[in-house]
Each structure stands twice: as C-alpha cells, then as structure tokens.
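Peer 1: Before we start, here is the structure in question, set down as structure tokens.
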Amino acid sequence: PYSLTILKAYVAYQRRKQADHSLRRRNSGKLQGEQFVSQIRRQLPIQNAAWMFAVIALAGVLRGPALLAVVWTNVGYVGLAAQALGVAAVGPDAGAALQRALALAPAQGASPSRGLGWLWLSEGRQDEAIRALQEAVAVAPHDAVAGFFLGQALWEAGDRREALDAWRQAGAAVYFLTQGQELQLQGRWQEAEGVLRLALELDPQSWEAHLELGEALMRNRKVEQALQEFHLALALCPAEKALDVYVWLGHGYRAAKEREKALWAYREAYARAPRDQDLPYYAYYVGLTLLELERLDEAEAFLRESVQAAPHAPNHYRLARLYMQREDWAAAARELENAVALGASAIWYYEPLGDAYLKQGKTEAALGAYKAAFCLAAPGSKDRERIGKKVQALSSRAVTCD
C-alpha cells in the first residue's frame with residue numbers, strides 16, 4: 001500500500017510539471033522568471049504528497065538515494081512556496097531540505113541547486129546564490145529558470161556582461177519584453193524604456209521589443225528615436241503582424257508633423273485591418289490625417305465610415321470640424337449635437353456648437369451652448385475667459401453655474 005501511494009503521488013507530481021512545461025511552450029508571452037514563483041505557488045496542493053514522501057522515506061520504506069533526493073527536493077520547494085506566499089512553513093527548513101537533496105544525488109542536482117540559488121538570492125547572499133545557480137546550469141544547461149536567476153544574481157553583483165550572457169542563454173528577453181509592457185500599462189514609461197532596451201540587448205531581432213520601445217519613446221516625447229524603432233519593427237515583423245506597426249508609424253509621423261508619411265502609414269494599416277468592429281478605428285485616423293491635409297472630400301468618406309460604424313463622440317466631432325471648414329454650419333451643428341447626445345460633456349463640443357448656431361443666426365441656441373461650455377471650463381482658466389467673452393457678446397446677464 002505504501003509503494004502504490006508513493007507511485008500515485010509521484011506520477012501526479014510529474015504530470016503537474018509536464019502541464020506547466022506545456023503551458024510555458026504554448027504561451028510565449030508568460031514570463032520565464034516569474035513562472036518560477038507561480039510554479040511553486042501551484043505546487044502547494046502537493047504539500048501532502050511531499051510530506052508523505054518524506055515521512056515514508058524517513059521511516060526507511062525506501063532507501064534509493066535518487067528518489068530520496070526527489071523527496072527532499074519536494075520538501076524544499078514546499079518551503080520555498082510557503083516563503084513566497086508569506087505563510088508559515090511546517091517541517092524542515094527549505095534550505096536544509098534542498099542541501100540534503102543535493103548531498104543525496106549531486107550528479108542530478110539541477111533542481112535543488114536552483115532552489116537553493118533562488119533562496120539565497122532572495123536573502124541577499126549573492127555569492128552563494130551565484131555558485132548554486134552556476135551548478136544548476138552546469139547540470140542542466142537548458143534550465144531557463146536557473147539561467148534567469150543566475151543572470152539576476154550576476155546583475156545584482158555588478159557583473160553586467162556575465163548577467164547578459166546568462167539571460168541570453170535562458171531566453172530571458174521575453175521576460176523583459178513583458179515587464180516593459182506591464183510598465184507601460186502602469187504609465188511608467190521611463191522605466192519601460194530602460195527595460196525594453198535591455199530586452200533588445202538580449203534579442204536584437206525581437207520586432208515586438210522594437211515596437212514596444214518605440215511606444216515608450218513616444219510617451220517620453222522622443223519622436224525621432226521612436227520612428228527608428230518602428231521602422232526596425234516593420235523590417236523584422238512577419239507580414240501578418242504589421243498592422244500595429246503601421247498604426248504606430250502613423251502616430252509617430254503625425255507627432256513629427258509629417259502628415260503625408262502619416263497618411264501612408266495609416267492607409268497601410270487600414271488596408272490590412274480585418275473588416276470587423278475595429279475597422280472604424282483605422283478609418284478614423286485616415287480621415288483625420290486627410291482633414292489635417294485639407295483634402296476634405298477624401299476625409300469626409302473615411303470620417304463618415306467611422307461615424308456610421310462606430311458612432312462615438314470624437315468621430316462626430318471630427319466630421320463636424322470638416323463641415324466647419326466647408327462652412328456648412330447646419331451639418332456641423334448636427335454632428336456636434338450627436339456628440340453631445342452621446343453624453344460627451346466637453347467644452348470642445350459645446351463651444352464649436354455655439355459657433356455653428358451663431359453662424360446660422362440662432363442666437364439663443366448659441367448662448368445656451370456657450371453657457372454649457374463656460375460651466376464645463378475650469379474656473380480661472382483661459383478657456384473660461386475666452387468663452388465668457390462670447391457669452392457677454394450675446395447677453396449682459398451674468399452666467400451662473402449650478
């Protein structure tokens with residue numbers, strides 16, 4: 001009965017490890033380094049199996065050193081999981097368990113050495129961590145988790161070149177790419193720029209890292225550098241992945257006031273966009289750039305397409321600006337009314353709406369729109385001062401904002 005129970009538990013443990021490996025292979029966006037922590041978190045449910053191994057092994061039912069090493073490795077990893085989760089560990093210390101596993105099977109010591117390296121790294125014992133992780137990598141050169149933490153330990157020790165070599169061998173560029181993406185989502189663009197540059201040191205051929213770095217540079221107002229990264233991303237990416245690169249090229253060229261080039265990039269994105277709910281987004285930017293180039297007839301076709309497919313306030317507003325350039329005040333007022341009806345309470349909708357009404361001789365309607373814009377503007381702002389003058393030109397009564 002003991003042997004059967006041990007066998008079932010060990011098979012369950014191995015299946016869990018294989019499932020984790022398959023998950024990593026299928027989802028390349030997952031972080032190689034962070035998966036180490038998530039892996040030991042997921043291993044908490046095998047705590048009973050690990051302790052069963054230990055109890056039976058210590059009772060002398062099994063005497064094979066290789067399997068005993070597996071037992072103690074399990075015990076050590078349960079302790080590491082407890083430490084990572086901040087819960088109290090029960091039983092032998094994680095470090096002691098892993099050292100015992102290593103002593104039992106030194107030739108198969110990648111897993112316990114990796115665990116010891118992670119433990120000592122978390123405790124600031126860098127020299128010991130480096131030695132343990134080097135031993136793990138020597139035994140299992142393709143152990144990405146050990147290689148990642150070896151790179152981290154070397155980096156913290158100030159050995160930049162060796163750290164980059166370790167990370168490169170571990171394929172850690174994807175970790176830094178994903179870290180950069182997360183930092184961008186948090187609005188930490190300066191930090192994201194540094195992390196993404198590190199990702200590119202590890203893998204200069206990563207078109208995604210070039211694209212992400214370009215985005216971070218745009219946020220940091222380094223437009224020329226961003227355009228260089230977008231062009232590198234375009235040169236490296238597969239044709240079926242080029243859509244987002246063209247969009248960001250368009251954004252970069254618009255920011256650089258190179259509108260003809262922006263139009264080219266947006267048209268390329270529009271041509272590649274799937275004909276679904278996202279198409280109005282690309283039509284909007286084509287239309288917007290044509291509007292800025294004063295190619296009004298072409299702009300109207302794209303802006304109307306974006307409005308019909310996605311009747312959002314900004315789309316109506318841009319179409320209204322087009323009609324205002326044509327001095328078609330009735331059409332402009334209609335689009336601005338649509339923008340306001342969509343719940344968009346913004347001075348840049350109400351103020352031009354007042355202008356459009358006034359051009360049609362609708363003084364009372366214009367006064368109402370101006371008052372709405374006045375009350376939406378921040379007190380003491382230049383916007384409120386400007387709109388207040390428009391109100392005073394139509395009415396001597398003071399504006400009150402409830």
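Numbering starts fresh at 1 for the residues of each chain in the structure tokens, the chains themselves are lettered A, B, ... in the order given, and ligands are numbered from 1 as they appear.
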Neighbours of Ala239 (chain A) within 12 Å (only C-alpha atoms; same-chain residues fewer than 6 positions away dropped), as a VMD selection string?
Peer 2: chain A and resid 207 233 245 to 246 268 to 269 272
Peer 1: Report as a ChimeraX atom specification all protein, DNA and RNA residues lying within 7 Å of region 291-307 of chain A, evaluated on only C-alpha atoms, omitting residues in the same chain fewer than 6 positions from it.
Peer 2: /A:280-281,283-284,315-316,319,322
Peer 1: List every residue of region 277-325 of chain A that DSSP, applied to the backbone of this structure, assigns to alpha helix (DSSP H), and report them as a PyMOL selection string.
Peer 2: chain A and resi 279-292+296-309+313-325
Peer 1: If you measure from CA of Leu217 (chain A) to CA of Glu258 (chain A), what distance in Å do you get, rounded to one decimal?
Peer 2: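 Straight-line distance from CA of Leu217 (chain A) to CA of Glu258 (chain A) works out to 17.5 Å.
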Peer 1: At a cut-off of 12 Å, using only C-alpha atoms, what residues contact Trp348 (chain A)? Leave out same-chain residues fewer than 2 positions from it and give the result as a PDB file with N, CA, C and O atoms, in the first residue's frame.
Peer 2:
```
ATOM      1  N   ALA A 313     -18.491  60.009 -29.865  1.00  0.00           N
ATOM      2  CA  ALA A 313     -18.441  61.468 -29.866  1.00  0.00           C
ATOM      3  C   ALA A 313     -17.240  62.024 -30.638  1.00  0.00           C
ATOM      4  O   ALA A 313     -17.403  62.966 -31.435  1.00  0.00           O
ATOM      5  N   PRO A 314     -15.999  61.505 -30.440  1.00  0.00           N
ATOM      6  CA  PRO A 314     -14.866  62.073 -31.190  1.00  0.00           C
ATOM      7  C   PRO A 314     -15.023  61.951 -32.703  1.00  0.00           C
ATOM      8  O   PRO A 314     -14.583  62.830 -33.447  1.00  0.00           O
ATOM      9  N   HIS A 316     -17.902  62.016 -34.411  1.00  0.00           N
ATOM     10  CA  HIS A 316     -18.831  63.083 -34.810  1.00  0.00           C
ATOM     11  C   HIS A 316     -18.139  64.445 -34.774  1.00  0.00           C
ATOM     12  O   HIS A 316     -18.373  65.293 -35.647  1.00  0.00           O
ATOM     13  N   TYR A 317     -17.295  64.666 -33.773  1.00  0.00           N
ATOM     14  CA  TYR A 317     -16.616  65.950 -33.634  1.00  0.00           C
ATOM     15  C   TYR A 317     -15.696  66.211 -34.831  1.00  0.00           C
ATOM     16  O   TYR A 317     -15.689  67.319 -35.384  1.00  0.00           O
ATOM     17  N   ARG A 318     -14.915  65.202 -35.243  1.00  0.00           N
ATOM     18  CA  ARG A 318     -14.013  65.401 -36.371  1.00  0.00           C
ATOM     19  C   ARG A 318     -14.786  65.675 -37.653  1.00  0.00           C
ATOM     20  O   ARG A 318     -14.390  66.515 -38.473  1.00  0.00           O
ATOM     21  N   ALA A 320     -17.669  67.099 -37.756  1.00  0.00           N
ATOM     22  CA  ALA A 320     -18.168  68.471 -37.606  1.00  0.00           C
ATOM     23  C   ALA A 320     -17.093  69.491 -37.981  1.00  0.00           C
ATOM     24  O   ALA A 320     -17.377  70.507 -38.635  1.00  0.00           O
ATOM     25  N   ARG A 321     -15.833  69.227 -37.565  1.00  0.00           N
ATOM     26  CA  ARG A 321     -14.756  70.162 -37.914  1.00  0.00           C
ATOM     27  C   ARG A 321     -14.586  70.252 -39.441  1.00  0.00           C
ATOM     28  O   ARG A 321     -14.289  71.317 -39.987  1.00  0.00           O
ATOM     29  N   LEU A 336     -22.241  67.918 -34.085  1.00  0.00           N
ATOM     30  CA  LEU A 336     -21.914  68.286 -32.701  1.00  0.00           C
ATOM     31  C   LEU A 336     -23.062  67.959 -31.761  1.00  0.00           C
ATOM     32  O   LEU A 336     -22.841  67.566 -30.606  1.00  0.00           O
ATOM     33  N   ALA A 339     -22.652  64.430 -30.972  1.00  0.00           N
ATOM     34  CA  ALA A 339     -21.580  64.224 -29.994  1.00  0.00           C
ATOM     35  C   ALA A 339     -22.081  64.495 -28.581  1.00  0.00           C
ATOM     36  O   ALA A 339     -21.824  63.717 -27.652  1.00  0.00           O
ATOM     37  N   VAL A 340     -22.805  65.610 -28.416  1.00  0.00           N
ATOM     38  CA  VAL A 340     -23.342  65.954 -27.092  1.00  0.00           C
ATOM     39  C   VAL A 340     -24.372  64.922 -26.648  1.00  0.00           C
ATOM     40  O   VAL A 340     -24.423  64.536 -25.471  1.00  0.00           O
ATOM     41  N   ALA A 344     -21.197  63.213 -24.151  1.00  0.00           N
ATOM     42  CA  ALA A 344     -19.856  63.771 -24.098  1.00  0.00           C
ATOM     43  C   ALA A 344     -19.920  65.220 -23.618  1.00  0.00           C
ATOM     44  O   ALA A 344     -20.142  66.133 -24.395  1.00  0.00           O
ATOM     45  N   SER A 345     -19.785  65.432 -22.341  1.00  0.00           N
ATOM     46  CA  SER A 345     -19.834  66.778 -21.766  1.00  0.00           C
ATOM     47  C   SER A 345     -18.437  67.377 -21.811  1.00  0.00           C
ATOM     48  O   SER A 345     -17.643  67.216 -20.893  1.00  0.00           O
ATOM     49  N   ALA A 346     -18.126  68.061 -22.900  1.00  0.00           N
ATOM     50  CA  ALA A 346     -16.796  68.626 -23.076  1.00  0.00           C
ATOM     51  C   ALA A 346     -16.923  69.986 -23.735  1.00  0.00           C
ATOM     52  O   ALA A 346     -17.760  70.183 -24.622  1.00  0.00           O
ATOM     53  N   TYR A 350     -19.278  71.732 -26.977  1.00  0.00           N
ATOM     54  CA  TYR A 350     -20.278  72.793 -26.780  1.00  0.00           C
ATOM     55  C   TYR A 350     -19.843  74.116 -27.399  1.00  0.00           C
ATOM     56  O   TYR A 350     -20.663  74.838 -27.978  1.00  0.00           O
ATOM     57  N   GLU A 351     -18.579  74.484 -27.266  1.00  0.00           N
ATOM     58  CA  GLU A 351     -18.151  75.772 -27.807  1.00  0.00           C
ATOM     59  C   GLU A 351     -18.288  75.833 -29.335  1.00  0.00           C
ATOM     60  O   GLU A 351     -18.885  76.786 -29.863  1.00  0.00           O
ATOM     61  N   PRO A 352     -17.770  74.855 -30.097  1.00  0.00           N
ATOM     62  CA  PRO A 352     -17.989  74.927 -31.547  1.00  0.00           C
ATOM     63  C   PRO A 352     -19.463  74.784 -31.932  1.00  0.00           C
ATOM     64  O   PRO A 352     -19.888  75.329 -32.962  1.00  0.00           O
ATOM     65  N   LEU A 353     -20.247  74.079 -31.102  1.00  0.00           N
ATOM     66  CA  LEU A 353     -21.682  74.001 -31.362  1.00  0.00           C
ATOM     67  C   LEU A 353     -22.301  75.405 -31.277  1.00  0.00           C
ATOM     68  O   LEU A 353     -23.131  75.790 -32.115  1.00  0.00           O
ATOM     69  N   GLY A 354     -21.880  76.167 -30.261  1.00  0.00           N
ATOM     70  CA  GLY A 354     -22.341  77.554 -30.173  1.00  0.00           C
ATOM     71  C   GLY A 354     -21.923  78.359 -31.393  1.00  0.00           C
ATOM     72  O   GLY A 354     -22.708  79.158 -31.928  1.00  0.00           O
ATOM     73  N   ASP A 355     -20.676  78.155 -31.867  1.00  0.00           N
ATOM     74  CA  ASP A 355     -20.212  78.861 -33.061  1.00  0.00           C
ATOM     75  C   ASP A 355     -21.077  78.514 -34.269  1.00  0.00           C
ATOM     76  O   ASP A 355     -21.433  79.397 -35.075  1.00  0.00           O
ATOM     77  N   ALA A 369     -25.379  76.949 -25.683  1.00  0.00           N
ATOM     78  CA  ALA A 369     -24.183  76.110 -25.873  1.00  0.00           C
ATOM     79  C   ALA A 369     -22.962  76.750 -25.229  1.00  0.00           C
ATOM     80  O   ALA A 369     -22.157  76.069 -24.584  1.00  0.00           O
ATOM     81  N   TYR A 370     -22.832  78.087 -25.388  1.00  0.00           N
ATOM     82  CA  TYR A 370     -21.693  78.770 -24.778  1.00  0.00           C
ATOM     83  C   TYR A 370     -21.743  78.682 -23.249  1.00  0.00           C
ATOM     84  O   TYR A 370     -20.708  78.510 -22.587  1.00  0.00           O
ATOM     85  N   ALA A 372     -23.074  76.336 -21.472  1.00  0.00           N
ATOM     86  CA  ALA A 372     -22.698  74.971 -21.086  1.00  0.00           C
ATOM     87  C   ALA A 372     -21.180  74.808 -21.135  1.00  0.00           C
ATOM     88  O   ALA A 372     -20.563  74.229 -20.231  1.00  0.00           O
ATOM     89  N   ALA A 373     -20.552  75.347 -22.191  1.00  0.00           N
ATOM     90  CA  ALA A 373     -19.095  75.265 -22.313  1.00  0.00           C
ATOM     91  C   ALA A 373     -18.414  76.050 -21.205  1.00  0.00           C
ATOM     92  O   ALA A 373     -17.414  75.600 -20.629  1.00  0.00           O
ATOM     93  N   PHE A 374     -18.960  77.235 -20.885  1.00  0.00           N
ATOM     94  CA  PHE A 374     -18.393  78.081 -19.830  1.00  0.00           C
ATOM     95  C   PHE A 374     -18.373  77.343 -18.495  1.00  0.00           C
ATOM     96  O   PHE A 374     -17.374  77.355 -17.774  1.00  0.00           O
ATOM     97  N   LEU A 376     -18.419  74.149 -17.976  1.00  0.00           N
ATOM     98  CA  LEU A 376     -17.555  72.970 -18.013  1.00  0.00           C
ATOM     99  C   LEU A 376     -16.080  73.346 -17.918  1.00  0.00           C
ATOM    100  O   LEU A 376     -15.257  72.537 -17.502  1.00  0.00           O
ATOM    101  N   ALA A 377     -15.747  74.577 -18.320  1.00  0.00           N
ATOM    102  CA  ALA A 377     -14.347  75.012 -18.263  1.00  0.00           C
ATOM    103  C   ALA A 377     -13.927  75.233 -16.813  1.00  0.00           C
ATOM    104  O   ALA A 377     -14.733  75.618 -15.960  1.00  0.00           O
ATOM    105  N   ASP A 383      -9.704  78.979 -21.030  1.00  0.00           N
ATOM    106  CA  ASP A 383     -10.902  78.517 -21.729  1.00  0.00           C
ATOM    107  C   ASP A 383     -12.134  79.259 -21.225  1.00  0.00           C
ATOM    108  O   ASP A 383     -12.953  79.750 -22.013  1.00  0.00           O
ATOM    109  N   ARG A 384     -12.266  79.341 -19.894  1.00  0.00           N
ATOM    110  CA  ARG A 384     -13.434  80.028 -19.328  1.00  0.00           C
ATOM    111  C   ARG A 384     -13.415  81.519 -19.684  1.00  0.00           C
ATOM    112  O   ARG A 384     -14.471  82.105 -19.985  1.00  0.00           O
ATOM    113  N   ILE A 387     -14.492  81.806 -23.451  1.00  0.00           N
ATOM    114  CA  ILE A 387     -15.920  81.520 -23.663  1.00  0.00           C
ATOM    115  C   ILE A 387     -16.783  82.580 -22.981  1.00  0.00           C
ATOM    116  O   ILE A 387     -17.848  82.958 -23.488  1.00  0.00           O
TER     117      ILE A 387
END
```
Peer 1: List the neighbours of region 175-192 of chain A out to 12 Å using only C-alpha atoms; skip same-chain residues closer than 4 positions along the sequence, and give me the result as a PyMOL selection string.
Peer 2: chain A and resi 28-36+144-145+148-149+152+164+167-168+170-171+196-204+206-222
Peer 1: Between CA of Asp159 (chain A) and CA of Pro141 (chain A), measure the distance and give it in Å to one decimal.
Peer 2: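 About the pair CA of Asp159 (chain A) and CA of Pro141 (chain A): they are 19.8 Å apart.
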Peer 1: Have a look at CA of Asp143 (chain A) and CA of Gln169 (chain A) and let me know their distance in Å, one decimal.
Peer 2: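 So the answer is 9.3 Å.
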